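work.txt follows (compact mmCIF, C-alpha atoms):
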```
# COMPACT_ATOMS: atom_id res chain seq x y z
CA MET X 4 -188.81 -139.83 97.07
CA SER X 5 -187.87 -141.21 100.47
CA ASN X 6 -189.27 -144.58 99.53
CA LEU X 7 -186.54 -145.92 97.30
CA LYS X 8 -187.69 -148.05 94.46
CA SER X 9 -185.51 -150.96 93.48
CA ILE X 10 -183.58 -151.29 90.24
CA LEU X 11 -182.59 -154.62 88.74
CA LEU X 12 -179.28 -154.47 86.91
CA VAL X 13 -178.70 -157.51 84.71
CA GLU X 14 -175.05 -157.46 83.68
CA ASP X 15 -172.61 -160.33 83.30
CA ASN X 16 -169.46 -158.25 83.16
CA PRO X 17 -167.99 -157.30 86.57
CA GLN X 18 -166.22 -154.22 85.14
CA ASP X 19 -169.42 -152.92 83.61
CA ARG X 20 -171.21 -153.54 86.88
CA GLU X 21 -168.59 -151.67 88.86
CA LEU X 22 -168.50 -148.75 86.40
CA THR X 23 -172.28 -148.53 86.32
CA LEU X 24 -172.51 -148.48 90.10
CA GLU X 25 -169.62 -146.03 90.25
CA GLY X 26 -171.50 -143.79 87.85
CA LEU X 27 -174.44 -143.76 90.24
CA SER X 28 -172.46 -143.51 93.45
CA GLU X 29 -173.44 -139.90 94.06
CA TYR X 30 -177.11 -140.87 94.20
CA LYS X 31 -178.99 -142.61 96.96
CA ILE X 32 -180.49 -145.00 94.43
CA VAL X 33 -177.18 -146.83 94.28
CA ASN X 34 -178.29 -148.56 97.49
CA SER X 35 -181.38 -150.00 95.94
CA ILE X 36 -179.71 -151.60 92.94
CA ILE X 37 -179.85 -155.35 92.79
CA THR X 38 -177.34 -156.89 90.41
CA VAL X 39 -177.61 -160.31 88.84
CA ASN X 40 -175.13 -161.99 86.49
CA ASP X 41 -177.19 -163.11 83.55
CA GLY X 42 -180.62 -163.69 82.08
CA VAL X 43 -181.28 -166.92 83.94
CA GLU X 44 -180.62 -165.24 87.28
CA ALA X 45 -182.71 -162.24 86.26
CA LEU X 46 -185.76 -164.43 85.67
CA GLU X 47 -185.12 -166.35 88.90
CA TYR X 48 -185.11 -163.02 90.70
CA LEU X 49 -188.25 -161.76 89.00
CA GLN X 50 -190.15 -165.02 89.42
CA TYR X 51 -189.02 -165.67 93.02
CA GLU X 52 -187.17 -168.85 92.20
CA GLY X 53 -183.90 -170.46 93.31
CA LYS X 54 -181.95 -168.28 95.72
CA PHE X 55 -184.57 -165.55 95.38
CA LYS X 56 -187.39 -167.80 96.63
CA ASN X 57 -187.90 -165.89 99.82
CA ARG X 58 -187.26 -162.32 98.73
CA GLU X 59 -189.84 -159.65 99.41
CA LYS X 60 -192.65 -159.62 96.84
CA ASP X 61 -192.06 -156.50 94.78
CA ASN X 62 -191.35 -155.79 91.14
CA PRO X 63 -188.39 -153.47 90.44
CA ALA X 64 -189.13 -149.95 89.20
CA VAL X 65 -186.96 -150.63 86.19
CA ILE X 66 -184.82 -153.40 84.75
CA LEU X 67 -181.50 -152.39 83.19
CA LEU X 68 -180.74 -155.22 80.82
CA ASP X 69 -177.49 -155.98 79.03
CA ILE X 70 -177.98 -157.77 75.71
CA LYS X 71 -174.99 -160.00 75.29
CA MET X 72 -174.77 -162.39 78.20
CA PRO X 73 -173.97 -166.08 78.66
CA ARG X 74 -176.76 -168.65 78.97
CA MET X 75 -179.78 -166.43 78.36
CA ASP X 76 -179.28 -163.10 76.62
CA GLY X 77 -181.10 -159.85 77.24
CA ILE X 78 -183.48 -160.17 74.32
CA GLU X 79 -184.62 -163.59 75.54
CA VAL X 80 -185.17 -162.16 79.02
CA LEU X 81 -187.19 -159.28 77.59
CA GLU X 82 -189.33 -161.75 75.66
CA ALA X 83 -189.93 -163.84 78.79
CA ILE X 84 -190.84 -160.74 80.82
CA ARG X 85 -193.39 -159.55 78.26
CA LYS X 86 -194.98 -163.00 78.17
CA ASP X 87 -195.38 -163.18 81.94
CA ASP X 88 -198.59 -161.53 83.18
CA LYS X 89 -197.03 -160.61 86.51
CA LEU X 90 -193.99 -158.99 84.93
CA LYS X 91 -195.07 -157.61 81.58
CA THR X 92 -195.65 -154.03 82.75
CA ILE X 93 -192.19 -153.53 84.29
CA PRO X 94 -190.22 -150.85 82.39
CA VAL X 95 -187.21 -152.43 80.70
CA VAL X 96 -184.21 -150.48 79.44
CA MET X 97 -181.65 -152.23 77.26
CA LEU X 98 -178.09 -151.15 78.12
CA THR X 99 -175.86 -152.42 75.40
CA SER X 100 -172.39 -152.08 73.91
CA SER X 101 -173.45 -151.13 70.42
CA ARG X 102 -176.31 -150.06 68.28
CA GLU X 103 -177.05 -153.07 66.13
CA GLU X 104 -180.02 -152.56 63.84
CA PRO X 105 -181.47 -156.10 64.22
CA ASP X 106 -181.25 -155.91 68.04
CA LEU X 107 -182.83 -152.49 68.10
CA LYS X 108 -185.72 -153.68 65.93
CA LYS X 109 -186.24 -156.87 67.89
CA CYS X 110 -186.24 -155.08 71.25
CA TYR X 111 -188.84 -152.53 70.21
CA GLU X 112 -190.98 -155.24 68.66
CA LEU X 113 -190.88 -157.00 72.00
CA GLY X 114 -191.98 -153.78 73.71
CA VAL X 115 -188.82 -152.43 75.29
CA ASN X 116 -189.19 -149.02 76.98
CA ALA X 117 -185.78 -147.65 76.04
CA TYR X 118 -182.58 -148.70 74.30
CA VAL X 119 -179.35 -147.11 75.48
CA VAL X 120 -175.93 -147.64 73.91
CA LYS X 121 -173.13 -147.48 76.45
CA PRO X 122 -170.73 -144.83 75.17
CA VAL X 123 -167.03 -145.73 75.08
CA ASP X 124 -166.17 -142.41 76.69
CA PHE X 125 -166.58 -142.76 80.45
CA THR X 126 -167.92 -139.26 81.06
CA GLU X 127 -170.61 -139.88 78.46
CA PHE X 128 -171.22 -143.36 79.86
CA HIS X 129 -171.58 -141.91 83.31
CA GLU X 130 -174.10 -139.35 82.02
CA ALA X 131 -176.09 -141.96 80.10
CA VAL X 132 -176.36 -144.29 83.07
CA LYS X 133 -177.21 -141.43 85.41
CA HIS X 134 -179.97 -139.96 83.24
CA THR X 135 -181.49 -143.34 82.44
CA THR X 136 -181.55 -144.54 86.01
CA VAL X 137 -182.71 -141.28 87.54
CA PHE X 138 -185.54 -141.04 85.04
CA TRP X 139 -186.86 -144.55 85.40
CA ALA X 140 -186.20 -145.02 89.10
CA ILE X 141 -187.10 -141.57 90.42
CA ILE X 142 -189.00 -139.42 87.95
CA ASN X 143 -191.16 -142.06 86.32
CA GLU X 144 -194.18 -143.51 88.13
CA LYS X 145 -194.12 -147.31 88.46
CA PRO X 146 -197.04 -149.25 86.99
CA PRO X 147 -199.54 -150.20 89.73
CA SER X 148 -198.85 -153.60 91.26
CA MET R 23 -180.05 -187.92 17.72
CA LEU R 24 -183.55 -186.61 18.07
CA MET R 25 -186.14 -188.58 16.05
CA SER R 26 -189.71 -187.57 15.50
CA GLY R 27 -192.43 -189.05 13.28
CA THR R 28 -195.82 -187.89 12.10
CA ILE R 29 -198.45 -189.98 10.38
CA ILE R 30 -199.78 -188.28 7.31
CA TYR R 31 -203.44 -188.98 6.46
CA ASP R 32 -205.29 -188.57 3.20
CA SER R 33 -208.44 -186.50 2.85
CA SER R 34 -210.70 -189.39 3.95
CA GLY R 35 -208.68 -190.02 7.07
CA ASN R 36 -206.67 -193.09 6.06
CA PRO R 37 -203.03 -193.17 6.97
CA GLN R 38 -200.89 -192.68 3.90
CA TYR R 39 -197.32 -192.63 5.07
CA ILE R 40 -195.12 -191.65 7.96
CA SER R 41 -193.02 -188.60 7.75
CA SER R 42 -190.05 -188.67 10.01
CA THR R 43 -187.17 -186.37 10.77
CA ALA R 44 -183.89 -187.02 12.46
CA ILE R 45 -181.88 -184.13 13.88
CA ASP R 46 -178.39 -184.28 15.17
CA ILE R 47 -178.66 -182.59 18.54
CA THR R 48 -175.14 -183.21 19.81
CA GLU R 49 -174.50 -179.48 19.88
CA ARG R 50 -177.76 -178.74 21.60
CA LYS R 51 -177.06 -181.39 24.25
CA GLU R 52 -173.63 -179.94 24.72
CA ALA R 53 -175.06 -176.46 25.14
CA GLU R 54 -177.71 -177.68 27.56
CA LYS R 55 -175.04 -179.39 29.61
CA LYS R 56 -172.94 -176.24 29.67
CA LEU R 57 -175.94 -174.17 30.69
CA LYS R 58 -176.71 -176.58 33.51
CA GLU R 59 -173.14 -176.43 34.70
CA ALA R 60 -173.09 -172.64 34.56
CA LYS R 61 -176.33 -172.50 36.50
CA ALA R 62 -175.00 -174.84 39.16
CA GLU R 63 -171.84 -172.79 39.43
CA LEU R 64 -173.81 -169.59 39.74
CA GLU R 65 -175.99 -171.09 42.45
CA GLY R 66 -172.88 -172.27 44.23
CA ARG R 67 -171.36 -168.81 44.02
CA SER R 68 -174.43 -167.01 45.22
CA TYR R 69 -174.64 -169.46 48.12
CA GLN R 70 -171.00 -168.71 48.91
CA LEU R 71 -171.63 -164.97 48.69
CA GLU R 72 -174.53 -165.25 51.04
CA ALA R 73 -172.42 -167.27 53.46
CA THR R 74 -169.63 -164.68 53.26
CA ASN R 75 -172.11 -161.90 53.93
CA LYS R 76 -173.44 -163.70 56.97
CA GLU R 77 -169.91 -164.25 58.23
CA LEU R 78 -169.14 -160.58 57.75
CA GLU R 79 -172.24 -159.64 59.63
CA ALA R 80 -171.33 -161.92 62.52
CA PHE R 81 -167.83 -160.49 62.45
CA SER R 82 -168.89 -156.88 62.64
CA TYR R 83 -171.43 -157.70 65.32
CA SER R 84 -168.76 -159.29 67.43
CA VAL R 85 -166.35 -156.43 66.76
CA SER R 86 -168.86 -153.90 67.91
CA HIS R 87 -169.77 -155.74 71.06
CA ASP R 88 -166.66 -157.52 72.06
CA LEU R 89 -164.08 -154.86 71.25
CA ARG R 90 -166.06 -151.92 72.49
CA ALA R 91 -166.65 -153.39 75.93
CA PRO R 92 -163.00 -153.76 77.06
CA LEU R 93 -162.26 -150.38 75.52
CA ARG R 94 -165.01 -148.85 77.57
CA HIS R 95 -163.48 -150.45 80.64
CA ILE R 96 -160.01 -149.03 79.91
CA ASN R 97 -161.58 -145.61 79.48
CA GLY R 98 -163.72 -145.96 82.55
CA TYR R 99 -160.98 -147.03 84.92
CA VAL R 100 -158.49 -144.46 83.65
CA ASP R 101 -161.15 -141.84 84.14
CA LEU R 102 -161.85 -143.01 87.67
CA LEU R 103 -158.14 -142.98 88.40
CA ASN R 104 -157.96 -139.44 87.05
CA LYS R 105 -160.93 -138.22 89.01
CA LYS R 106 -160.00 -139.77 92.32
CA TYR R 107 -156.22 -139.91 92.44
CA ARG R 108 -154.75 -137.60 89.79
CA ASP R 109 -153.52 -135.08 92.36
CA GLU R 110 -151.53 -137.75 94.16
CA LEU R 111 -149.70 -138.83 91.02
CA PRO R 112 -146.34 -137.47 89.81
CA GLU R 113 -146.41 -135.50 86.58
CA LYS R 114 -144.98 -138.35 84.57
CA ALA R 115 -147.69 -140.74 85.73
CA GLN R 116 -150.31 -138.16 84.76
CA HIS R 117 -148.76 -137.99 81.30
CA TYR R 118 -148.94 -141.79 81.01
CA LEU R 119 -152.59 -141.70 81.97
CA ASP R 120 -153.32 -139.04 79.36
CA THR R 121 -151.60 -141.17 76.75
CA VAL R 122 -153.74 -144.19 77.65
CA THR R 123 -156.86 -142.04 77.40
CA GLY R 124 -155.85 -140.62 74.02
CA ALA R 125 -154.97 -144.02 72.60
CA SER R 126 -158.16 -145.68 73.76
CA GLN R 127 -160.26 -142.86 72.37
CA LYS R 128 -158.48 -143.21 69.04
CA MET R 129 -159.20 -146.92 69.06
CA GLY R 130 -162.85 -146.18 69.77
CA THR R 131 -163.02 -143.96 66.70
CA LEU R 132 -161.31 -146.60 64.56
CA ILE R 133 -163.73 -149.31 65.65
CA ASP R 134 -166.73 -147.07 65.01
CA ASP R 135 -165.38 -146.13 61.57
CA LEU R 136 -164.76 -149.75 60.66
CA LEU R 137 -168.26 -150.70 61.74
CA GLN R 138 -169.77 -147.89 59.73
CA TYR R 139 -167.78 -149.06 56.72
CA SER R 140 -168.96 -152.61 57.13
CA ARG R 141 -172.58 -151.51 57.59
CA THR R 142 -172.39 -149.48 54.38
CA GLY R 143 -171.19 -152.58 52.57
CA ARG R 144 -174.05 -154.70 53.84
CA ARG R 145 -176.78 -152.12 53.37
CA GLU R 146 -179.33 -152.81 50.67
CA LEU R 147 -179.75 -149.80 48.42
CA LYS R 148 -182.94 -147.86 48.92
CA ARG R 149 -183.11 -145.88 45.70
CA SER R 150 -185.29 -142.88 45.09
CA GLU R 151 -185.01 -139.66 43.12
CA VAL R 152 -182.39 -137.52 44.81
CA ASP R 153 -182.04 -133.83 43.99
CA MET R 154 -178.29 -133.32 44.19
CA ASN R 155 -178.62 -129.52 44.39
CA MET R 156 -180.60 -129.82 47.57
CA LEU R 157 -178.42 -132.53 49.05
CA VAL R 158 -175.22 -130.57 48.43
CA ARG R 159 -176.74 -127.42 49.91
CA GLU R 160 -177.85 -129.29 53.03
CA VAL R 161 -174.42 -130.83 53.52
CA ILE R 162 -172.67 -127.47 53.07
CA ASP R 163 -175.00 -125.90 55.63
CA GLU R 164 -173.83 -128.48 58.14
CA PHE R 165 -170.22 -127.35 57.68
CA LYS R 166 -170.99 -123.68 58.11
CA THR R 167 -170.84 -123.63 61.90
CA ASP R 168 -167.47 -125.40 61.94
CA SER R 169 -165.93 -123.12 59.36
CA GLU R 170 -167.31 -119.79 60.54
CA ASN R 171 -163.94 -118.08 60.74
CA ARG R 172 -162.85 -119.22 57.33
CA LYS R 173 -163.10 -117.66 53.93
CA ILE R 174 -164.57 -120.31 51.68
CA ASN R 175 -165.55 -119.47 48.17
CA TRP R 176 -168.20 -122.02 47.18
CA ASN R 177 -169.06 -122.41 43.53
CA ILE R 178 -171.88 -124.88 43.05
CA HIS R 179 -172.95 -125.58 39.48
CA LYS R 180 -176.43 -126.75 38.62
CA LEU R 181 -176.68 -130.45 39.48
CA PRO R 182 -179.07 -133.11 38.15
CA THR R 183 -181.51 -135.34 40.00
CA VAL R 184 -180.30 -138.93 40.18
CA TYR R 185 -181.80 -142.25 41.14
CA ALA R 186 -179.82 -143.26 44.20
CA ASP R 187 -179.80 -144.07 47.91
CA ASN R 188 -180.29 -140.73 49.59
CA THR R 189 -178.67 -141.61 52.93
CA LEU R 190 -175.59 -143.04 51.26
CA PHE R 191 -175.25 -140.15 48.82
CA ARG R 192 -175.37 -137.73 51.70
CA GLN R 193 -172.34 -139.64 53.05
CA ILE R 194 -170.53 -139.20 49.72
CA TRP R 195 -171.04 -135.45 49.73
CA ALA R 196 -170.28 -135.14 53.44
CA ASN R 197 -166.97 -136.91 52.84
CA LEU R 198 -165.91 -135.16 49.65
CA LEU R 199 -167.01 -131.68 50.69
CA GLY R 200 -165.71 -132.26 54.22
CA ASN R 201 -162.32 -133.19 52.79
CA ALA R 202 -162.33 -130.10 50.58
CA VAL R 203 -163.03 -127.92 53.61
CA LYS R 204 -160.44 -129.72 55.72
CA TYR R 205 -157.59 -129.75 53.23
CA THR R 206 -157.98 -126.08 52.28
CA ARG R 207 -157.66 -125.04 55.93
CA LYS R 208 -154.22 -123.52 55.43
CA LYS R 209 -155.23 -121.40 52.43
CA GLU R 210 -156.24 -117.82 53.02
CA VAL R 211 -159.22 -118.17 50.70
CA ALA R 212 -160.50 -121.66 50.00
CA LYS R 213 -162.04 -122.26 46.60
CA ILE R 214 -164.33 -125.23 46.29
CA VAL R 215 -166.14 -126.05 43.06
CA VAL R 216 -168.87 -128.66 42.69
CA GLY R 217 -169.76 -129.54 39.13
CA CYS R 218 -171.37 -132.14 36.94
CA LYS R 219 -170.95 -133.26 33.36
CA GLU R 220 -172.94 -135.90 31.58
CA ASP R 221 -172.57 -138.33 28.75
CA ILE R 222 -175.09 -140.76 27.27
CA ASN R 223 -174.88 -143.28 30.09
CA GLU R 224 -173.79 -141.47 33.20
CA HIS R 225 -173.48 -138.31 35.26
CA ILE R 226 -169.95 -137.33 36.23
CA PHE R 227 -169.78 -135.27 39.41
CA SER R 228 -166.68 -133.44 40.55
CA VAL R 229 -165.45 -131.64 43.65
CA SER R 230 -162.33 -129.56 43.28
CA ASP R 231 -160.42 -127.50 45.80
CA ASN R 232 -157.26 -125.40 46.03
CA GLY R 233 -156.04 -127.17 49.16
CA ALA R 234 -153.10 -129.33 50.17
CA GLY R 235 -153.61 -131.87 47.38
CA PHE R 236 -151.42 -134.95 47.41
CA ASP R 237 -148.62 -136.63 45.52
CA MET R 238 -150.07 -138.56 42.54
CA LYS R 239 -147.43 -141.24 43.24
CA TYR R 240 -149.66 -142.50 46.07
CA VAL R 241 -153.02 -142.14 44.34
CA HIS R 242 -153.53 -145.92 44.36
CA LYS R 243 -153.68 -145.84 48.15
CA LEU R 244 -156.17 -143.01 48.34
CA PHE R 245 -159.34 -145.08 48.60
CA GLY R 246 -157.96 -147.81 50.90
CA VAL R 247 -159.31 -148.40 54.40
CA PHE R 248 -157.39 -146.40 56.99
CA GLN R 249 -154.95 -145.14 54.35
CA ARG R 250 -153.78 -141.58 54.79
CA LEU R 251 -151.58 -139.41 52.63
CA HIS R 252 -151.08 -136.71 55.27
CA PRO R 253 -149.76 -137.03 58.83
CA GLU R 254 -152.43 -136.88 61.49
CA THR R 255 -150.67 -134.00 63.19
CA GLU R 256 -151.29 -131.93 60.07
CA PHE R 257 -154.80 -133.05 59.10
CA GLU R 258 -156.87 -135.13 61.50
CA GLY R 259 -158.80 -138.23 60.46
CA THR R 260 -158.67 -142.01 60.42
CA GLY R 261 -158.69 -142.59 56.67
CA ILE R 262 -162.08 -144.24 56.31
CA GLY R 263 -163.91 -141.47 54.45
CA LEU R 264 -162.79 -142.09 50.88
CA ALA R 265 -162.98 -145.88 51.36
CA ASN R 266 -166.63 -145.33 52.22
CA VAL R 267 -167.14 -143.08 49.21
CA GLN R 268 -165.70 -145.73 46.92
CA ARG R 269 -167.91 -148.41 48.44
CA ILE R 270 -171.06 -146.35 48.01
CA VAL R 271 -170.23 -145.31 44.45
CA ASN R 272 -169.45 -148.91 43.50
CA LYS R 273 -172.69 -150.10 45.00
CA HIS R 274 -174.42 -147.71 42.59
CA GLN R 275 -172.39 -149.13 39.66
CA GLY R 276 -170.38 -145.94 39.43
CA ARG R 277 -166.67 -145.15 39.42
CA VAL R 278 -164.58 -142.82 41.52
CA TRP R 279 -161.11 -141.35 40.97
CA ALA R 280 -159.01 -138.34 41.81
CA GLU R 281 -156.33 -136.05 40.47
CA ALA R 282 -154.16 -133.72 42.48
CA GLU R 283 -151.06 -131.67 42.70
CA GLN R 284 -149.26 -131.08 45.98
CA GLU R 285 -150.12 -127.77 47.60
CA LYS R 286 -152.19 -126.78 44.56
CA GLY R 287 -155.36 -128.72 45.18
CA ALA R 288 -157.28 -131.87 44.38
CA ILE R 289 -160.23 -132.84 42.24
CA PHE R 290 -162.43 -135.84 42.95
CA TYR R 291 -164.75 -137.38 40.40
CA PHE R 292 -167.51 -139.92 40.77
CA THR R 293 -170.07 -141.23 38.34
CA ILE R 294 -173.53 -142.68 38.60
CA PRO R 295 -175.29 -144.41 35.70
CA LYS R 296 -178.38 -142.63 34.42
CA PHE R 297 -181.65 -144.37 34.99
CA LYS R 298 -183.50 -145.66 31.94
CA GLU R 299 -185.94 -142.81 31.44
CA GLU R 300 -183.09 -140.33 31.33
CA LYS R 301 -181.32 -142.04 28.47
CA LEU R 302 -184.25 -141.64 26.11
```

Can you present the structure in this file as structure tokens?
Amino acid sequence: MSNLKSILLVEDNPQDRELTLEGLSEYKIVNSIITVNDGVEALEYLQYEGKFKNREKDNPAVILLDIKMPRMDGIEVLEAIRKDDKLKTIPVVMLTSSREEPDLKKCYELGVNAYVVKPVDFTEFHEAVKHTTVFWAIINEKPPS
Amino acid sequence: MLMSGTIIYDSSGNPQYISSTAIDITERKEAEKKLKEAKAELEGRSYQLEATNKELEAFSYSVSHDLRAPLRHINGYVDLLNKKYRDELPEKAQHYLDTVTGASQKMGTLIDDLLQYSRTGRRELKRSEVDMNMLVREVIDEFKTDSENRKINWNIHKLPTVYADNTLFRQIWANLLGNAVKYTRKKEVAKIVVGCKEDINEHIFSVSDNGAGFDMKYVHKLFGVFQRLHPETEFEGTGIGLANVQRIVNKHQGRVWAEAEQEKGAIFYFTIPKFKEEKL
């Protein structure tokens, strides 16, 4: 567990980003979280494009993906990831504001690994983020690269 | 005028004469025109309905996402403030913080209730045979843990099987029985009766209790969204339950109404049409 795996947090809202990171502050993994602002940036990161051209070649252990974002939303990102041979095995967890039936259906059809609704209550939110991240980034074994 | 002619032949096949008829079809034309107009109007209306439904869907989607997010932020930051700096704050400031927390939690509940209400409205009915005896028993079992210290005298009559949406009917019972449990809280022994009568076309279900009741003067408000007839300090709740019940019953082509007397109790009725086989 000394070798920290990276987590990609795709979240457009600065408050949500801060609260998510705050929720994980007691864990070491907080240091290995990379945050990007929207779907376009997420794909640039994953496909080593734009400002991420020279980053170290390594897929994140998990992608935490918000659904509603400007430019390219989370569902479109998920679709692009599953279509890309180099990315399709990365575990993806949707982190979203509400449980909307059509979104839920679409995400599972596209092969999402988990779908988590951010609770309004902060203590519950904190717990949800903690459990999700700890599971996917520490307990779960990454797919072989 | 509609004209038609037929040539009449003799037995050897030679044309003999032409028989013709003329019918005045002004009325028929008129009727056809009216039918066409009615059809066009109906198509227009159903198009409008569909558009309204889509708008509603977009609306509730945006409510759930866009309103929940800032609310979560209010909650989150107040919580952080509480966790990290509460001890440094004067008592009054702590009280303000608690008020913010309480209000934002209340708003969260209201948004969730409204969304649930709107989802119920949009849901397409999935009908199947529903044994009301079983459903009522299951719902009552769910209340048992919450009302362990209470004396509740349940009297459940034999109930029929109906053709309805099981998930939605569970909501009806959960609301009506939940209300009966809630509003009898101040009685030493609560008496709740679930019954059913039938006539040729429908089943009439009833839930009666000996609880707080309400003033019949306000009965017209009873089934409105977020309408309450009791202060929240006395009986908790947002006022969405009965609005939901009415929506579900109406979706099943039934009716719902209530009678009550203050401090004596209330009785709620709802109907569901019988399915065809039952009427025979």

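Within 8 Å of chain R, and counting all atoms listed in the file, chain X contributes Gln18, Asp19, Leu22, Lys71, Ser100, Ser101, Glu103, Pro122, Val123, Asp124, Phe125 and Thr126 of chain X.
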
query: Could you state the separation of atom CA of Ser148 of chain X and atom CA of Thr135 of chain X in Å, given to one decimal place?
result: 22.0 Å

Listed atoms of segment 57-62 of chain R boxed along x, y and z, 8 Å each side, centre and edge lengths in Å, one decimal, as JSON:
```
{"center_x": -174.9, "center_y": -174.5, "center_z": 34.9, "size_x": 19.6, "size_y": 20.1, "size_z": 24.5}
```

- request: Check the smallest atom-to-atom distance from each of X:Asn143, X:Asn16, X:Asn116, X:Asn57 to Asn40 of chain X using all atoms listed in the file, then report the winner.
  value: X:Asn16

- prompt: Could you state the separation of atom CA of Val278 of chain R and atom CA of Ile194 of chain R in Å, given to one decimal place?
  reply: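 Value for the atom CA of Val278 of chain R-atom CA of Ile194 of chain R distance: 10.8 Å.
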
message: Just want the 10 Å neighbourhood of Trp139 of chain X, counted on all atoms listed in the file, with same-chain residues fewer than 2 positions away dropped. Output as a list in words.
response: Lys8, Ile10, Ala64, Val65, Ile66, Leu67, Pro94, Val95, Val96, Asn116, Ala117, His134, Thr135, Thr136, Val137, Ile141, Ile142, Asn143, Glu144 and Lys145 of chain X

- prompt: Between atom CA of Val267 of chain R and atom CA of Thr167 of chain R, what is the distance, to one decimal in Å?
  reply: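 Atom-to-atom, atom CA of Val267 of chain R to atom CA of Thr167 of chain R, that is 23.5 Å.
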
- request: List every protein, DNA or RNA residue with an atom no more than 9 Å from (-172.1, -142.1, 83.9) in the file's coordinates, counting all atoms listed in the file, and format the result as a PyMOL selection string.
  value: chain X and resi 22-27+125-134

query: In file coordinates, which residues lie within 10 Å of (-172.2, -140.2, 29.6) using only C-alpha atoms, given as an NGL selection string?
result: :R and (219-226 or 293-296 or 301)

message: Please list as a VMD selection string every residue within 8 Å of Ala234 of chain R, counting all atoms listed in the file and excluding residues in the same chain fewer than 4 positions away.
response: chain R and resid 205 to 206 208 284 to 288
